[in-house]
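Next up, upload.cif (mmCIF, C-alpha atoms):
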data_query
loop_
_atom_site.group_PDB
_atom_site.id
_atom_site.type_symbol
_atom_site.label_atom_id
_atom_site.label_comp_id
_atom_site.auth_asym_id
_atom_site.auth_seq_id
_atom_site.Cartn_x
_atom_site.Cartn_y
_atom_site.Cartn_z
ATOM 1 C CA MET A 1 24.269 -30.415 27.102
ATOM 2 C CA PRO A 2 20.692 -31.080 26.000
ATOM 3 C CA SER A 3 20.032 -33.943 23.614
ATOM 4 C CA PRO A 4 19.016 -32.982 20.029
ATOM 5 C CA PRO A 5 15.279 -33.616 20.609
ATOM 6 C CA GLU A 6 15.458 -31.508 23.787
ATOM 7 C CA SER A 7 17.145 -28.622 21.972
ATOM 8 C CA LEU A 8 14.682 -28.942 19.116
ATOM 9 C CA ARG A 9 11.818 -28.797 21.597
ATOM 10 C CA THR A 10 13.253 -25.683 23.218
ATOM 11 C CA ALA A 11 13.845 -23.972 19.861
ATOM 12 C CA ASN A 12 10.343 -24.886 18.723
ATOM 13 C CA ARG A 13 8.778 -23.563 21.940
ATOM 14 C CA ARG A 14 10.723 -20.311 21.648
ATOM 15 C CA ALA A 15 9.764 -19.881 18.000
ATOM 16 C CA HIS A 16 6.124 -20.418 19.002
ATOM 17 C CA TYR A 17 6.306 -17.769 21.736
ATOM 18 C CA TYR A 18 8.278 -15.243 19.748
ATOM 19 C CA LEU A 19 6.177 -15.469 16.586
ATOM 20 C CA GLY A 20 3.040 -15.075 18.672
ATOM 21 C CA LEU A 21 4.390 -12.064 20.522
ATOM 22 C CA TYR A 22 5.556 -10.332 17.341
ATOM 23 C CA PHE A 23 2.218 -10.815 15.588
ATOM 24 C CA LEU A 24 0.054 -10.256 18.685
ATOM 25 C CA PHE A 25 -1.448 -6.904 17.626
ATOM 26 C CA PHE A 26 -2.084 -8.100 14.067
ATOM 27 C CA LEU A 27 -3.840 -11.187 15.460
ATOM 28 C CA TRP A 28 -6.017 -9.093 17.748
ATOM 29 C CA LEU A 29 -6.918 -6.731 14.907
ATOM 30 C CA PHE A 30 -8.031 -9.544 12.585
ATOM 31 C CA ALA A 31 -9.846 -11.486 15.317
ATOM 32 C CA PHE A 32 -11.738 -8.383 16.422
ATOM 33 C CA THR A 33 -12.508 -7.098 12.925
ATOM 34 C CA GLY A 34 -13.553 -10.632 11.956
ATOM 35 C CA LEU A 35 -16.260 -10.341 14.611
ATOM 36 C CA LEU A 36 -17.241 -6.903 13.299
ATOM 37 C CA LEU A 37 -17.583 -8.219 9.734
ATOM 38 C CA ASN A 38 -19.538 -11.223 10.920
ATOM 39 C CA HIS A 39 -22.173 -9.174 12.735
ATOM 40 C CA SER A 40 -24.148 -6.035 12.170
ATOM 41 C CA TRP A 41 -23.729 -4.583 15.624
ATOM 42 C CA ALA A 42 -25.499 -1.242 15.928
ATOM 43 C CA PHE A 43 -22.705 0.300 18.005
ATOM 44 C CA ALA A 44 -20.225 -0.397 15.199
ATOM 45 C CA GLU A 45 -22.213 1.277 12.406
ATOM 46 C CA PHE A 46 -20.021 3.268 10.087
ATOM 47 C CA TRP A 47 -21.797 3.699 6.737
ATOM 48 C CA PRO A 48 -24.784 5.790 7.972
ATOM 49 C CA ASN A 49 -22.371 7.912 10.041
ATOM 50 C CA ARG A 50 -20.082 8.769 7.136
ATOM 51 C CA GLN A 51 -19.377 12.421 6.416
ATOM 52 C CA VAL A 52 -19.433 13.511 2.795
ATOM 53 C CA SER A 53 -18.003 16.800 1.645
ATOM 54 C CA LYS A 54 -17.183 18.238 -1.735
ATOM 55 C CA PHE A 55 -14.737 20.798 -3.042
ATOM 56 C CA ASP A 56 -13.191 21.780 -6.325
ATOM 57 C CA GLN A 57 -10.014 23.595 -7.137
ATOM 58 C CA PRO A 58 -8.096 24.731 -10.203
ATOM 59 C CA VAL A 59 -5.454 22.309 -11.445
ATOM 60 C CA THR A 60 -3.047 22.008 -14.328
ATOM 61 C CA ASN A 61 -4.166 19.312 -16.727
ATOM 62 C CA PRO A 62 -1.780 16.344 -16.408
ATOM 63 C CA ALA A 63 0.401 16.033 -19.504
ATOM 64 C CA SER A 64 1.027 12.300 -19.335
ATOM 65 C CA ALA A 65 -0.980 9.846 -21.409
ATOM 66 C CA ASP A 66 -0.607 7.175 -18.743
ATOM 67 C CA GLN A 67 -3.736 7.003 -16.560
ATOM 68 C CA LEU A 68 -1.929 6.236 -13.303
ATOM 69 C CA ALA A 69 0.639 8.981 -13.914
ATOM 70 C CA ARG A 70 -2.227 11.421 -14.533
ATOM 71 C CA ALA A 71 -3.907 10.349 -11.315
ATOM 72 C CA HIS A 72 -0.668 10.782 -9.365
ATOM 73 C CA ASP A 73 -0.151 14.215 -10.906
ATOM 74 C CA LEU A 74 -3.642 15.291 -9.805
ATOM 75 C CA MET A 75 -3.131 13.794 -6.331
ATOM 76 C CA ARG A 76 0.065 15.794 -5.940
ATOM 77 C CA GLN A 77 -1.704 18.998 -6.964
ATOM 78 C CA LEU A 78 -4.635 18.289 -4.639
ATOM 79 C CA GLY A 79 -2.454 17.133 -1.721
ATOM 80 C CA LEU A 80 -4.111 13.702 -1.528
ATOM 81 C CA HIS A 81 -2.499 10.355 -0.691
ATOM 82 C CA GLY A 82 -3.945 6.873 -1.015
ATOM 83 C CA GLU A 83 -4.515 3.835 -3.182
ATOM 84 C CA VAL A 84 -5.828 4.662 -6.655
ATOM 85 C CA GLU A 85 -8.878 2.591 -7.510
ATOM 86 C CA TRP A 86 -10.321 2.358 -11.025
ATOM 87 C CA THR A 87 -14.027 1.726 -10.705
ATOM 88 C CA ALA A 88 -16.652 0.826 -13.294
ATOM 89 C CA ALA A 89 -18.068 4.345 -12.877
ATOM 90 C CA SER A 90 -14.697 5.941 -13.612
ATOM 91 C CA ALA A 91 -14.270 3.729 -16.697
ATOM 92 C CA SER A 92 -17.647 4.781 -18.112
ATOM 93 C CA SER A 93 -17.255 8.455 -17.215
ATOM 94 C CA PRO A 94 -16.443 10.771 -20.182
ATOM 95 C CA ALA A 95 -14.245 12.849 -17.859
ATOM 96 C CA PHE A 96 -11.007 11.582 -16.320
ATOM 97 C CA SER A 97 -12.137 10.180 -12.985
ATOM 98 C CA PHE A 98 -10.794 7.852 -10.323
ATOM 99 C CA ARG A 99 -11.318 6.899 -6.706
ATOM 100 C CA LEU A 100 -8.649 7.250 -4.070
ATOM 101 C CA VAL A 101 -8.907 5.080 -0.971
ATOM 102 C CA ARG A 102 -7.244 4.712 2.403
ATOM 103 C CA PRO A 103 -8.723 3.222 5.573
ATOM 104 C CA GLY A 104 -11.168 5.814 6.893
ATOM 105 C CA LEU A 105 -11.198 8.035 3.832
ATOM 106 C CA SER A 106 -12.093 7.879 0.176
ATOM 107 C CA TRP A 107 -12.112 10.517 -2.523
ATOM 108 C CA GLN A 108 -13.811 10.521 -5.884
ATOM 109 C CA VAL A 109 -11.733 12.786 -8.109
ATOM 110 C CA THR A 110 -13.098 14.074 -11.412
ATOM 111 C CA LEU A 111 -11.150 16.289 -13.764
ATOM 112 C CA ASP A 112 -12.849 18.877 -15.943
ATOM 113 C CA GLU A 113 -10.126 19.368 -18.531
ATOM 114 C CA ALA A 114 -11.894 22.233 -20.351
ATOM 115 C CA ALA A 115 -12.242 24.241 -17.135
ATOM 116 C CA THR A 116 -8.922 22.967 -15.704
ATOM 117 C CA ARG A 117 -10.630 22.208 -12.398
ATOM 118 C CA ALA A 118 -10.813 19.046 -10.330
ATOM 119 C CA THR A 119 -13.881 18.156 -8.292
ATOM 120 C CA VAL A 120 -13.273 16.058 -5.208
ATOM 121 C CA GLU A 121 -15.959 14.287 -3.207
ATOM 122 C CA GLN A 122 -14.544 13.207 0.118
ATOM 123 C CA THR A 123 -16.138 10.497 2.273
ATOM 124 C CA GLN A 124 -14.865 10.146 5.809
ATOM 125 C CA PHE A 125 -15.658 7.154 8.019
ATOM 126 C CA ASN A 126 -15.509 6.730 11.782
ATOM 127 C CA ALA A 127 -13.107 4.457 13.675
ATOM 128 C CA TRP A 128 -15.344 1.407 13.109
ATOM 129 C CA GLY A 129 -15.114 2.028 9.385
ATOM 130 C CA VAL A 130 -11.321 2.254 9.627
ATOM 131 C CA LEU A 131 -11.174 -1.063 11.514
ATOM 132 C CA ARG A 132 -13.440 -2.859 9.057
ATOM 133 C CA LEU A 133 -11.515 -1.636 6.049
ATOM 134 C CA LEU A 134 -8.195 -2.698 7.589
ATOM 135 C CA HIS A 135 -9.482 -6.293 7.490
ATOM 136 C CA THR A 136 -10.114 -6.217 3.745
ATOM 137 C CA PHE A 137 -7.684 -3.568 2.481
ATOM 138 C CA THR A 138 -5.443 -5.195 -0.144
ATOM 139 C CA GLY A 139 -5.331 -2.761 -3.077
ATOM 140 C CA VAL A 140 -6.198 -5.521 -5.550
ATOM 141 C CA ARG A 141 -9.324 -7.395 -6.588
ATOM 142 C CA ALA A 142 -9.799 -10.844 -8.019
ATOM 143 C CA ASN A 143 -10.057 -10.893 -11.835
ATOM 144 C CA ASP A 144 -9.286 -7.168 -12.100
ATOM 145 C CA VAL A 145 -5.930 -6.542 -13.749
ATOM 146 C CA ARG A 146 -6.423 -2.782 -13.906
ATOM 147 C CA ASN A 147 -6.235 -2.300 -10.147
ATOM 148 C CA GLN A 148 -2.731 -2.913 -8.870
ATOM 149 C CA ARG A 149 -1.104 -1.748 -5.647
ATOM 150 C CA ASP A 150 0.283 1.719 -6.329
ATOM 151 C CA TRP A 151 0.681 3.184 -2.840
ATOM 152 C CA LEU A 152 3.643 2.228 -0.632
ATOM 153 C CA PRO A 153 1.620 1.769 2.601
ATOM 154 C CA THR A 154 -0.716 -0.652 0.745
ATOM 155 C CA VAL A 155 2.290 -2.651 -0.467
ATOM 156 C CA LEU A 156 3.735 -2.753 3.066
ATOM 157 C CA TRP A 157 0.354 -3.712 4.548
ATOM 158 C CA ALA A 158 -0.010 -6.540 2.004
ATOM 159 C CA LEU A 159 3.516 -7.751 2.858
ATOM 160 C CA ALA A 160 2.628 -7.673 6.561
ATOM 161 C CA MET A 161 -0.469 -9.760 5.810
ATOM 162 C CA ASP A 162 1.657 -12.305 3.946
ATOM 163 C CA ALA A 163 4.093 -12.415 6.870
ATOM 164 C CA LEU A 164 1.198 -12.837 9.301
ATOM 165 C CA ALA A 165 -0.274 -15.709 7.270
ATOM 166 C CA LEU A 166 3.105 -17.477 7.105
ATOM 167 C CA GLY A 167 3.676 -16.766 10.803
ATOM 168 C CA LEU A 168 0.298 -18.296 11.675
ATOM 169 C CA ILE A 169 1.051 -21.413 9.637
ATOM 170 C CA ALA A 170 4.411 -21.736 11.421
ATOM 171 C CA MET A 171 2.702 -21.219 14.801
ATOM 172 C CA VAL A 172 0.124 -23.902 14.072
ATOM 173 C CA LEU A 173 2.860 -26.348 13.021
ATOM 174 C CA SER A 174 4.999 -25.536 16.063
ATOM 175 C CA GLY A 175 1.879 -25.878 18.248
ATOM 176 C CA VAL A 176 1.199 -29.328 16.814
ATOM 177 C CA TYR A 177 4.811 -30.292 17.557
ATOM 178 C CA LEU A 178 4.480 -28.990 21.133
ATOM 179 C CA TRP A 179 1.313 -31.043 21.551
ATOM 180 C CA LEU A 180 2.971 -34.195 20.159
ATOM 181 C CA CYS A 181 5.717 -33.793 22.759
ATOM 182 C CA LEU A 182 3.107 -34.267 25.516
ATOM 183 C CA PRO A 183 2.115 -37.977 25.521
ATOM 184 C CA ALA A 184 -0.594 -37.439 28.153
ATOM 185 C CA LYS A 185 -2.370 -34.903 25.929
ATOM 186 C CA ARG A 186 -2.242 -36.905 22.719
ATOM 187 C CA LEU A 187 -5.650 -38.565 22.909
ATOM 188 C CA PRO A 188 -7.758 -35.504 23.829
ATOM 189 C CA GLY A 189 -5.716 -33.440 21.357
ATOM 190 C CA ALA A 190 -6.284 -35.988 18.585
ATOM 191 C CA LEU A 191 -10.021 -35.958 19.295
ATOM 192 C CA ALA A 192 -10.142 -32.146 19.142
ATOM 193 C CA LEU A 193 -8.097 -32.147 15.920
ATOM 194 C CA ALA A 194 -10.342 -34.785 14.320
ATOM 195 C CA ALA A 195 -13.533 -32.963 15.358
ATOM 196 C CA GLY A 196 -12.241 -29.645 13.981
ATOM 197 C CA SER A 197 -11.072 -31.270 10.732
ATOM 198 C CA VAL A 198 -14.404 -33.015 10.137
ATOM 199 C CA LEU A 199 -16.379 -29.810 10.835
ATOM 200 C CA CYS A 200 -14.132 -27.796 8.522
ATOM 201 C CA ALA A 201 -14.350 -30.433 5.747
ATOM 202 C CA LEU A 202 -18.155 -30.527 6.020
ATOM 203 C CA LEU A 203 -18.379 -26.759 5.754
ATOM 204 C CA LEU A 204 -15.941 -26.605 2.856
ATOM 205 C CA SER A 205 -17.918 -29.153 0.880
ATOM 206 C CA GLY A 206 -21.193 -27.525 1.922
ATOM 207 C CA LEU A 207 -20.033 -24.133 0.723
ATOM 208 C CA ARG A 208 -18.980 -25.812 -2.537
ATOM 209 C CA TRP A 209 -15.434 -24.524 -2.421
ATOM 210 C CA LEU A 210 -14.202 -27.882 -3.615
ATOM 211 C CA SER A 211 -16.658 -28.358 -6.478
ATOM 212 C CA MET B 1 -18.471 -16.176 -2.391
ATOM 213 C CA PRO B 2 -16.494 -17.721 0.463
ATOM 214 C CA GLY B 3 -16.009 -15.964 3.771
ATOM 215 C CA PRO B 4 -18.274 -14.152 6.159
ATOM 216 C CA HIS B 5 -18.057 -10.696 4.538
ATOM 217 C CA ASN B 6 -21.474 -9.035 4.158
ATOM 218 C CA VAL B 7 -23.012 -12.066 5.776
ATOM 219 C CA SER B 8 -26.194 -10.143 6.624
ATOM 220 C CA LEU B 9 -26.922 -10.194 2.897
ATOM 221 C CA ARG B 10 -25.895 -13.780 2.336
ATOM 222 C CA GLY B 11 -26.388 -15.679 5.565
ATOM 223 C CA ASN B 12 -29.556 -17.450 4.510
ATOM 224 C CA SER B 13 -28.270 -20.979 3.965
ATOM 225 C CA LEU B 14 -27.579 -23.496 6.707
ATOM 226 C CA TYR B 15 -23.935 -23.822 5.711
ATOM 227 C CA MET B 16 -23.474 -20.051 5.734
ATOM 228 C CA GLN B 17 -25.017 -19.858 9.191
ATOM 229 C CA LEU B 18 -22.676 -22.630 10.365
ATOM 230 C CA TRP B 19 -19.768 -20.853 8.760
ATOM 231 C CA ARG B 20 -20.761 -17.667 10.541
ATOM 232 C CA TRP B 21 -20.811 -19.531 13.837
ATOM 233 C CA LEU B 22 -17.426 -21.088 13.099
ATOM 234 C CA ALA B 23 -15.948 -17.697 12.170
ATOM 235 C CA ASP B 24 -17.131 -16.324 15.513
ATOM 236 C CA ALA B 25 -15.696 -19.323 17.350
ATOM 237 C CA THR B 26 -12.383 -18.854 15.521
ATOM 238 C CA SER B 27 -12.214 -15.153 16.419
ATOM 239 C CA TYR B 28 -13.008 -15.747 20.079
ATOM 240 C CA GLY B 29 -10.634 -18.723 20.084
ATOM 241 C CA VAL B 30 -7.761 -16.648 18.688
ATOM 242 C CA LEU B 31 -8.398 -13.923 21.288
ATOM 243 C CA PHE B 32 -8.434 -16.480 24.102
ATOM 244 C CA LEU B 33 -5.367 -18.377 22.818
ATOM 245 C CA SER B 34 -3.354 -15.184 22.393
ATOM 246 C CA LEU B 35 -4.233 -13.955 25.899
ATOM 247 C CA SER B 36 -3.429 -17.331 27.471
ATOM 248 C CA GLY B 37 -0.214 -17.459 25.414
ATOM 249 C CA VAL B 38 0.846 -14.051 26.729
ATOM 250 C CA TYR B 39 0.122 -15.259 30.269
ATOM 251 C CA LEU B 40 2.168 -18.442 29.745
ATOM 252 C CA TRP B 41 5.064 -16.432 28.317
ATOM 253 C CA ALA B 42 4.929 -13.924 31.194
ATOM 254 C CA THR B 43 5.438 -16.765 33.689
ATOM 255 C CA LEU B 44 8.728 -17.760 32.016
ATOM 256 C CA ARG B 45 11.363 -15.398 33.423
ATOM 257 C CA ALA B 46 14.084 -16.629 31.043
ATOM 258 C CA GLU B 47 12.074 -15.684 27.961
ATOM 259 C CA ARG B 48 10.960 -12.255 29.111
ATOM 260 C CA ARG B 49 13.653 -10.008 27.667
ATOM 261 C CA LEU B 50 13.643 -11.283 24.078
ATOM 262 C CA GLY B 51 9.888 -11.805 24.193
ATOM 263 C CA LEU B 52 9.329 -8.246 25.330
ATOM 264 C CA ALA B 53 11.675 -6.964 22.598
ATOM 265 C CA LEU B 54 9.662 -8.853 19.965
ATOM 266 C CA LEU B 55 6.369 -7.673 21.433
ATOM 267 C CA VAL B 56 7.582 -4.067 21.209
ATOM 268 C CA ALA B 57 8.937 -4.651 17.668
ATOM 269 C CA GLY B 58 5.577 -6.082 16.615
ATOM 270 C CA ALA B 59 3.716 -3.166 18.202
ATOM 271 C CA LEU B 60 5.976 -0.672 16.401
ATOM 272 C CA THR B 61 5.433 -2.436 13.071
ATOM 273 C CA PHE B 62 1.674 -2.598 13.615
ATOM 274 C CA PHE B 63 1.132 0.964 14.786
ATOM 275 C CA GLY B 64 3.664 2.292 12.252
ATOM 276 C CA LEU B 65 1.708 0.686 9.418
ATOM 277 C CA LEU B 66 -1.558 1.898 10.896
ATOM 278 C CA TYR B 67 -0.184 5.433 11.024
ATOM 279 C CA ALA B 68 1.063 5.247 7.425
ATOM 280 C CA LEU B 69 -2.318 3.983 6.219
ATOM 281 C CA THR B 70 -4.557 6.371 8.094
ATOM 282 C CA ALA B 71 -2.668 9.560 9.007
#

I'd like the structure from this file rewritten - as structure tokens, please.
Amino acid sequence: MPSPPESLRTANRRAHYYLGLYFLFFLWLFAFTGLLLNHSWAFAEFWPNRQVSKFDQPVTNPASADQLARAHDLMRQLGLHGEVEWTAASASSPAFSFRLVRPGLSWQVTLDEAATRATVEQTQFNAWGVLRLLHTFTGVRANDVRNQRDWLPTVLWALAMDALALGLIAMVLSGVYLWLCLPAKRLPGALALAAGSVLCALLLSGLRWLS
Amino acid sequence: MPGPHNVSLRGNSLYMQLWRWLADATSYGVLFLSLSGVYLWATLRAERRLGLALLVAGALTFFGLLYALTA
């Protein structure tokens, strides 16, 4: 029968392995797309390679007074799915207009109520564009109460990001515990931890996050 | 604005350049740590079954979400 510290060590090691294995693909996605966002590699260009197309089709004017309900009504009629985004352009437009976004695709939808027609401008991005957007796709913006998550996949993606963040924190803590259980590695580990902490603190103060 | 997003427009201060370097180091570090972690796990026979189940569960969650977002 293992002693309590031994069983705790085993449980901690297993939790470390299992969390890492479950989140492996998420970790790889964010590490790789972090590199993409940090550089302007020519092979990963997506904006100049976007494909823009336009179409319009007759629709029934949405009856609801609620903006989001109107947008959903139009999306249903047009066969579009994605996260509704209210932009500054759509707010200033005299016509009912909104943007619809999903990784790799965006649509600008404008309703001409007098003609009962909707005009849709579709922008399609390549795989690099999909990858980059996955890194930043949250469905919400800071200080913007109008844009809320209204598409189930966005909600699930945001929940997965929360789970990943909590999983990473747990993995770091379990990793620290694993390190502390190895007396021979304590000094070099402490030096690495101190060096990383000092560098991070310097950058945080330099970037004025703490001011 | 914190973070390395659109750094080609903003990476003109020393701290931003250092941050950019650190972000790169973090990304490469995470890739290396995850690969070495998978190797360490694969050498432990006793942990393989449950580990593999969780790896598959994670892959299903990840690719399922990816499909829902993009398909």

Chain and number of each residue from the PyMOL selection byres ((chain A) within 8 of (chain B)), as a PDB file with C-alpha atoms, in the frame of the given file:
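Writing done, so here's expr-v9.pdb:
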ATOM      1  CA  ARG A  14      10.723 -20.311  21.648  1.00  0.00           C
ATOM      2  CA  TYR A  17       6.306 -17.769  21.736  1.00  0.00           C
ATOM      3  CA  TYR A  18       8.278 -15.243  19.748  1.00  0.00           C
ATOM      4  CA  GLY A  20       3.040 -15.075  18.672  1.00  0.00           C
ATOM      5  CA  LEU A  21       4.390 -12.064  20.522  1.00  0.00           C
ATOM      6  CA  TYR A  22       5.556 -10.332  17.341  1.00  0.00           C
ATOM      7  CA  PHE A  23       2.218 -10.815  15.588  1.00  0.00           C
ATOM      8  CA  LEU A  24       0.054 -10.256  18.685  1.00  0.00           C
ATOM      9  CA  PHE A  25      -1.448  -6.904  17.626  1.00  0.00           C
ATOM     10  CA  PHE A  26      -2.084  -8.100  14.067  1.00  0.00           C
ATOM     11  CA  LEU A  27      -3.840 -11.187  15.460  1.00  0.00           C
ATOM     12  CA  TRP A  28      -6.017  -9.093  17.748  1.00  0.00           C
ATOM     13  CA  PHE A  30      -8.031  -9.544  12.585  1.00  0.00           C
ATOM     14  CA  ALA A  31      -9.846 -11.486  15.317  1.00  0.00           C
ATOM     15  CA  PHE A  32     -11.738  -8.383  16.422  1.00  0.00           C
ATOM     16  CA  GLY A  34     -13.553 -10.632  11.956  1.00  0.00           C
ATOM     17  CA  LEU A  35     -16.260 -10.341  14.611  1.00  0.00           C
ATOM     18  CA  LEU A  37     -17.583  -8.219   9.734  1.00  0.00           C
ATOM     19  CA  ASN A  38     -19.538 -11.223  10.920  1.00  0.00           C
ATOM     20  CA  HIS A  39     -22.173  -9.174  12.735  1.00  0.00           C
ATOM     21  CA  SER A  40     -24.148  -6.035  12.170  1.00  0.00           C
ATOM     22  CA  GLY A  82      -3.945   6.873  -1.015  1.00  0.00           C
ATOM     23  CA  ARG A 102      -7.244   4.712   2.403  1.00  0.00           C
ATOM     24  CA  PRO A 103      -8.723   3.222   5.573  1.00  0.00           C
ATOM     25  CA  GLY A 104     -11.168   5.814   6.893  1.00  0.00           C
ATOM     26  CA  PRO A 153       1.620   1.769   2.601  1.00  0.00           C
ATOM     27  CA  THR A 154      -0.716  -0.652   0.745  1.00  0.00           C
ATOM     28  CA  LEU A 156       3.735  -2.753   3.066  1.00  0.00           C
ATOM     29  CA  TRP A 157       0.354  -3.712   4.548  1.00  0.00           C
ATOM     30  CA  LEU A 203     -18.379 -26.759   5.754  1.00  0.00           C
ATOM     31  CA  GLY A 206     -21.193 -27.525   1.922  1.00  0.00           C
ATOM     32  CA  LEU A 207     -20.033 -24.133   0.723  1.00  0.00           C
ATOM     33  CA  TRP A 209     -15.434 -24.524  -2.421  1.00  0.00           C
TER      34      TRP A 209
END

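Atom CA of Arg45 of chain B lies 25.0 Å from atom CA of Lys185 of chain A.
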
Inset, instruction - Quick one: everything within 8 Å of segment 95-97 of chain A, counting all atoms listed in the file, minus sequence neighbours fewer than 2 positions away in the same chain. Send it as a PyMOL selection string. - result: chain A and resi 90-91+93+99+108-113
